[in-house]
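Source file: work_26.txt (compact mmCIF, C-alpha atoms)
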```
# COMPACT_ATOMS: atom_id res chain seq x y z
CA MET A 1399 101.18 65.97 105.80
CA ASN A 1400 97.64 65.20 104.74
CA GLU A 1401 96.38 63.99 108.10
CA ARG A 1402 96.51 67.50 109.54
CA PRO A 1403 93.13 69.09 110.36
CA LEU A 1404 91.42 71.10 107.63
CA SER A 1405 90.01 74.58 108.15
CA PRO A 1406 86.31 74.45 109.14
CA PHE A 1407 85.61 76.48 106.04
CA LEU A 1408 86.76 73.55 103.90
CA VAL A 1409 84.73 70.99 105.85
CA TYR A 1410 81.29 72.40 106.63
CA ARG A 1411 78.48 73.24 104.28
CA PHE A 1412 77.71 76.81 103.36
CA MET A 1413 76.04 78.96 106.01
CA TYR A 1414 75.09 82.63 106.18
CA THR A 1415 77.41 83.67 109.03
CA MET A 1416 80.34 81.95 107.33
CA VAL A 1417 80.35 84.66 104.68
CA LEU A 1418 81.34 87.17 107.38
CA SER A 1419 83.93 84.78 108.75
CA PHE A 1420 85.52 84.30 105.35
CA ALA A 1421 85.27 88.02 104.60
CA HIS A 1422 87.30 88.64 107.76
CA ARG A 1423 90.16 86.67 106.24
CA ILE A 1424 89.87 88.19 102.77
CA THR A 1425 89.79 91.75 104.14
CA GLY A 1426 92.69 90.86 106.45
CA ILE A 1427 94.81 89.76 103.49
CA LEU A 1428 93.81 92.88 101.54
CA LEU A 1429 94.82 95.05 104.51
CA SER A 1430 98.20 93.30 104.59
CA VAL A 1431 98.68 94.61 101.07
CA GLY A 1432 97.43 97.98 102.37
CA ALA A 1433 100.19 97.95 105.00
CA LEU A 1434 102.74 97.52 102.20
CA LEU A 1435 101.09 100.38 100.31
CA LEU A 1436 101.39 102.59 103.40
CA THR A 1437 105.06 101.61 103.70
CA TYR A 1438 105.58 102.50 100.03
CA GLY A 1439 103.97 105.90 100.61
CA LEU A 1440 106.21 106.66 103.59
CA VAL A 1441 109.37 105.54 101.76
CA ALA A 1442 108.41 107.58 98.68
CA LEU A 1443 107.79 110.65 100.83
CA ALA A 1444 111.16 110.32 102.55
CA GLY A 1445 112.95 109.51 99.29
CA GLY A 1446 112.76 112.99 97.79
CA VAL A 1447 110.78 115.09 95.32
CA GLU A 1448 111.03 112.64 92.43
CA SER A 1449 109.90 109.56 94.31
CA PHE A 1450 107.10 111.59 95.90
CA GLU A 1451 105.82 112.79 92.52
CA ARG A 1452 105.95 109.24 91.17
CA ALA A 1453 104.00 107.97 94.17
CA ARG A 1454 101.49 110.78 93.79
CA LEU A 1455 100.81 109.72 90.20
CA VAL A 1456 100.45 106.11 91.35
CA PHE A 1457 98.04 106.98 94.17
CA ARG A 1458 96.02 109.30 91.92
CA HIS A 1459 95.49 106.67 89.24
CA TRP A 1460 91.89 105.45 89.18
CA THR A 1461 92.90 101.84 89.83
CA LEU A 1462 94.65 102.88 93.04
CA GLN A 1463 91.71 105.08 93.99
CA LEU A 1464 89.52 102.01 93.59
CA VAL A 1465 91.98 99.93 95.60
CA MET A 1466 91.96 102.53 98.37
CA LEU A 1467 88.15 102.56 98.43
CA GLY A 1468 88.33 98.78 98.76
CA LEU A 1469 90.91 99.12 101.53
CA THR A 1470 88.73 101.63 103.37
CA ILE A 1471 85.74 99.27 103.24
CA SER A 1472 88.03 96.36 104.23
CA PHE A 1473 89.48 98.34 107.11
CA PHE A 1474 86.14 99.25 108.65
CA PHE A 1475 84.73 95.79 108.09
CA HIS A 1476 87.77 94.09 109.61
CA LEU A 1477 87.70 96.54 112.54
CA SER A 1478 83.97 96.07 113.23
CA ASN A 1479 84.02 92.32 112.77
CA GLY A 1480 87.27 92.14 114.77
CA ILE A 1481 85.53 93.79 117.73
CA ARG A 1482 82.79 91.15 117.33
CA HIS A 1483 85.50 88.47 117.51
CA LEU A 1484 86.98 90.06 120.64
CA PHE A 1485 83.55 89.88 122.33
CA TRP A 1486 83.38 86.20 121.41
CA ASP A 1487 86.83 85.72 122.96
CA LEU A 1488 85.34 87.11 126.19
CA GLY A 1489 82.55 84.54 125.87
CA LEU A 1490 79.90 87.11 124.94
CA GLY A 1491 77.37 87.08 122.10
CA TYR A 1492 77.67 83.40 121.25
CA GLU A 1493 73.91 82.73 120.96
CA LYS A 1494 72.82 82.17 117.38
CA THR A 1495 70.38 85.10 117.40
CA GLN A 1496 73.00 87.37 118.98
CA ALA A 1497 75.62 86.31 116.45
CA ARG A 1498 73.22 87.10 113.59
CA ARG A 1499 72.28 90.46 115.05
CA SER A 1500 75.92 91.44 115.63
CA GLY A 1501 76.65 90.31 112.08
CA TRP A 1502 74.19 92.83 110.70
CA LEU A 1503 75.58 95.42 113.09
CA VAL A 1504 79.02 94.83 111.55
CA VAL A 1505 77.64 95.39 108.04
CA ALA A 1506 75.83 98.56 109.16
CA SER A 1507 78.87 99.98 110.93
CA THR A 1508 81.09 99.20 107.91
CA ILE A 1509 78.77 101.16 105.61
CA LEU A 1510 78.41 104.00 108.11
CA LEU A 1511 82.13 104.42 108.85
CA THR A 1512 83.07 104.14 105.16
CA ALA A 1513 80.47 106.78 104.21
CA LEU A 1514 81.67 109.00 107.05
CA SER A 1515 85.32 108.85 105.99
CA ILE A 1516 84.46 109.52 102.33
CA TRP A 1517 82.39 112.49 103.46
CA LEU A 1518 85.27 113.73 105.64
CA ALA A 1519 87.79 113.33 102.81
CA VAL A 1520 85.63 115.11 100.21
CA HIS A 1521 84.80 117.83 102.72
CA ALA A 1522 88.48 118.29 103.70
CA VAL A 1523 89.82 118.58 100.15
CA GLY A 1524 86.85 120.61 98.90
CA GLY A 1525 87.01 123.01 101.84
CA SER A 1526 90.66 123.97 101.44
CA MET B 1485 98.84 70.77 117.09
CA ASN B 1486 101.37 72.21 114.69
CA ASN B 1487 105.08 72.31 115.41
CA SER B 1488 105.71 75.14 112.96
CA ARG B 1489 103.95 77.33 115.51
CA PRO B 1490 106.09 77.10 118.65
CA SER B 1491 103.67 78.76 121.06
CA GLY B 1492 100.01 78.63 120.09
CA SER B 1493 98.73 80.59 123.08
CA GLY B 1494 101.44 83.24 122.74
CA HIS B 1495 100.47 83.68 119.11
CA TRP B 1496 96.78 83.85 120.02
CA LEU B 1497 97.41 86.46 122.71
CA ALA B 1498 99.71 88.59 120.54
CA GLN B 1499 97.06 88.66 117.81
CA ARG B 1500 94.43 89.87 120.31
CA ILE B 1501 96.69 92.47 121.94
CA THR B 1502 97.66 93.96 118.58
CA ALA B 1503 93.97 93.84 117.55
CA VAL B 1504 92.93 95.88 120.59
CA ALA B 1505 95.79 98.36 120.08
CA LEU B 1506 94.80 98.77 116.42
CA ILE B 1507 91.27 99.96 117.30
CA PRO B 1508 92.32 103.44 118.54
CA LEU B 1509 95.48 103.57 116.37
CA GLY B 1510 93.59 102.59 113.21
CA LEU B 1511 90.67 104.95 113.81
CA TRP B 1512 93.11 107.79 114.50
CA PHE B 1513 95.08 106.97 111.35
CA MET B 1514 92.00 106.82 109.10
CA TYR B 1515 90.64 110.05 110.55
CA SER B 1516 94.03 111.77 110.04
CA LEU B 1517 94.20 110.60 106.42
CA ALA B 1518 90.60 111.54 105.64
CA THR B 1519 90.99 115.07 107.02
CA ARG B 1520 94.14 115.99 105.07
CA THR B 1521 93.41 119.24 103.22
CA ASP B 1522 96.75 119.85 101.48
CA LEU B 1523 98.11 116.86 99.54
CA GLY B 1524 101.38 118.52 98.47
CA ARG B 1525 104.78 117.18 99.52
CA ALA B 1526 105.54 119.97 102.00
CA ALA B 1527 102.24 119.37 103.80
CA TRP B 1528 102.84 115.60 103.98
CA LEU B 1529 106.38 116.16 105.33
CA GLU B 1530 105.02 118.52 107.96
CA PHE B 1531 102.25 116.05 108.77
CA VAL B 1532 104.58 113.10 109.37
CA ALA B 1533 107.33 115.16 111.01
CA ALA B 1534 105.35 116.38 114.05
CA PRO B 1535 107.12 114.39 116.81
CA TRP B 1536 104.06 112.83 118.46
CA ARG B 1537 102.58 112.01 115.07
CA ALA B 1538 105.83 110.44 113.84
CA VAL B 1539 105.80 108.19 116.90
CA LEU B 1540 102.12 107.29 116.41
CA ILE B 1541 102.60 106.54 112.70
CA ALA B 1542 105.60 104.30 113.46
CA LEU B 1543 103.64 102.62 116.25
CA PHE B 1544 100.63 102.12 113.99
CA LEU B 1545 102.74 100.68 111.17
CA LEU B 1546 104.62 98.28 113.47
CA THR B 1547 101.45 97.09 115.22
CA LEU B 1548 99.71 96.72 111.85
CA LEU B 1549 102.59 94.71 110.39
CA LEU B 1550 102.84 92.44 113.44
CA HIS B 1551 99.07 91.83 113.39
CA SER B 1552 99.27 91.23 109.64
CA TYR B 1553 102.18 88.80 110.04
CA LEU B 1554 100.30 86.80 112.69
CA GLY B 1555 97.12 86.75 110.59
CA VAL B 1556 98.87 85.72 107.38
CA GLN B 1557 100.58 82.93 109.36
CA VAL B 1558 97.19 81.50 110.40
CA VAL B 1559 95.85 81.72 106.85
CA ILE B 1560 98.92 79.90 105.49
CA GLU B 1561 98.60 77.18 108.13
CA ASP B 1562 94.91 76.68 107.34
CA TYR B 1563 95.12 76.50 103.57
CA VAL B 1564 98.60 75.26 102.71
CA HIS B 1565 99.05 71.60 103.54
CA THR B 1566 102.41 70.84 102.03
CA ARG B 1567 105.17 71.22 104.58
CA TRP B 1568 107.84 72.78 102.35
CA ARG B 1569 105.36 75.16 100.79
CA GLU B 1570 104.12 76.19 104.22
CA ARG B 1571 107.67 76.80 105.44
CA GLY B 1572 108.53 78.74 102.31
CA LEU B 1573 105.49 80.97 102.56
CA HIS B 1574 106.17 81.62 106.25
CA LEU B 1575 109.71 82.70 105.43
CA LEU B 1576 108.53 84.88 102.55
CA SER B 1577 105.84 86.51 104.69
CA GLY B 1578 108.27 87.04 107.58
CA ALA B 1579 110.88 88.60 105.31
CA LEU B 1580 108.31 90.87 103.66
CA HIS B 1581 106.83 92.06 106.95
CA LEU B 1582 110.26 92.63 108.49
CA ALA B 1583 111.50 94.53 105.42
CA ALA B 1584 108.38 96.71 105.43
CA ALA B 1585 108.78 97.43 109.15
CA ALA B 1586 112.44 98.42 108.74
CA ALA B 1587 111.85 100.53 105.62
CA GLY B 1588 108.73 102.21 107.00
CA VAL B 1589 110.20 103.15 110.37
CA PHE B 1590 113.42 104.34 108.73
CA ALA B 1591 111.37 106.56 106.39
CA VAL B 1592 109.41 108.04 109.31
CA ILE B 1593 112.67 108.79 111.17
CA GLN B 1594 114.15 110.36 108.03
CA VAL B 1595 111.15 112.66 107.65
CA ALA B 1596 110.91 113.45 111.38
CA THR B 1597 114.58 114.41 111.64
CA GLY B 1598 114.47 116.42 108.43
CA ALA B 1599 116.93 114.02 106.81
CA SER B 1600 114.70 113.24 103.80
CA ALA B 1601 116.07 114.33 100.44
```
Starting from the file, give its structure as structure tokens.
Amino acid sequence: MNERPLSPFLVYRFMYTMVLSFAHRITGILLSVGALLLTYGLVALAGGVESFERARLVFRHWTLQLVMLGLTISFFFHLSNGIRHLFWDLGLGYEKTQARRSGWLVVASTILLTALSIWLAVHAVGGS
Amino acid sequence: MNNSRPSGSGHWLAQRITAVALIPLGLWFMYSLATRTDLGRAAWLEFVAAPWRAVLIALFLLTLLLHSYLGVQVVIEDYVHTRWRERGLHLLSGALHLAAAAAGVFAVIQVATGASA
């Protein structure tokens, strides 16, 4: 039981690119909770007027608004960094300088896509 | 390397296939959510009930949950090193993901067929 290999994260010393690697896992776990939240929303919608109104109050609460902002950031980070991982799977972008550059690209695209979706959401609700 | 994971390469491939599928599905979903103008119940029902959208939402949810299940499995294997705990967490995660998939798809069908209360 204890002779099984440990995760690299538990073995190696701290390095800059490892932050992104660990963030991929953290955001992944957060998005798993997001998937349950989406399921709850769908079930509440189908369940009738009462369950919908209850869910609406839940989703409108500031803590949930904060959670959803976190989920939006997590989603775009996980998506961008996931694409980076897929390129690695194809054997591309492995060089240290490339990996660093794509790392910054992931951060930039996360900020950009998050800002874009907030802008879209504010614009959509404000424009109706 | 680990006999609690019967097919390592199958798992690896499934995680990549769902990842690729989630790029367009996820972007579509986020865009659709962000551009909702009416947040009332009638508008949400109408939104989910459009046949092609009902199918896409169900597809997105199922792909998301499968990808999530595979990812959570890897995280459990990497950080939990007690066999019974690992088994227990796998079962819990599997049950949770399966329950969410069943409940979510059932809800989408209810809304799409107009059977919601």
Open item on the list: With all atoms listed in the file considered, list every residue of chain A at most 9 Å from chain B, as a PyMOL selection string.
Closed with: chain A and resi 1399-1400+1402-1405+1408+1423+1426-1427+1429-1430+1433-1434+1436-1447+1450-1451+1470+1473-1474+1477+1480-1481+1484+1515-1526
Open item on the list: With only C-alpha atoms as the counted atoms, please give the residues lying no more than 8 Å from range 1462-1469 of chain A, apart from itself and same-chain residues fewer than 2 positions off, as a list of chain:residue names.
Closed with: A:Thr1425, A:Leu1428, A:Leu1429, A:Gly1432, A:Val1456, A:Phe1457, A:Arg1458, A:His1459, A:Trp1460, A:Ile1471, A:Ser1472, A:Phe1473
- [ ] Just give me the gap between CA of Leu1503 in chain A and CA of Val1417 in chain A in Å, one decimal is fine.
- [x]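 Interatomic distance here is 14.5 Å.
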Open item on the list: Using Å and a single decimal, report how far CA of Gln1499 in chain B sits from CA of His1483 in chain A.
Closed with: 11.6 Å
Task: Interatomic distance (Å, one decimal) between CA of Arg1482 in chain A and CA of Arg1498 in chain A - done: 11.0 Å
TODO: Go through A:Gln1496, A:Phe1485, A:Thr1508, A:Thr1461 one by one, measure the shortest atom-to-atom distance of each to Thr1415 in chain A using all atoms listed in the file, and give the residue with the smallest value.
DONE: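 Once distances to Thr1415 in chain A are computed over all atoms listed in the file, the minimum belongs to A:Gln1496.
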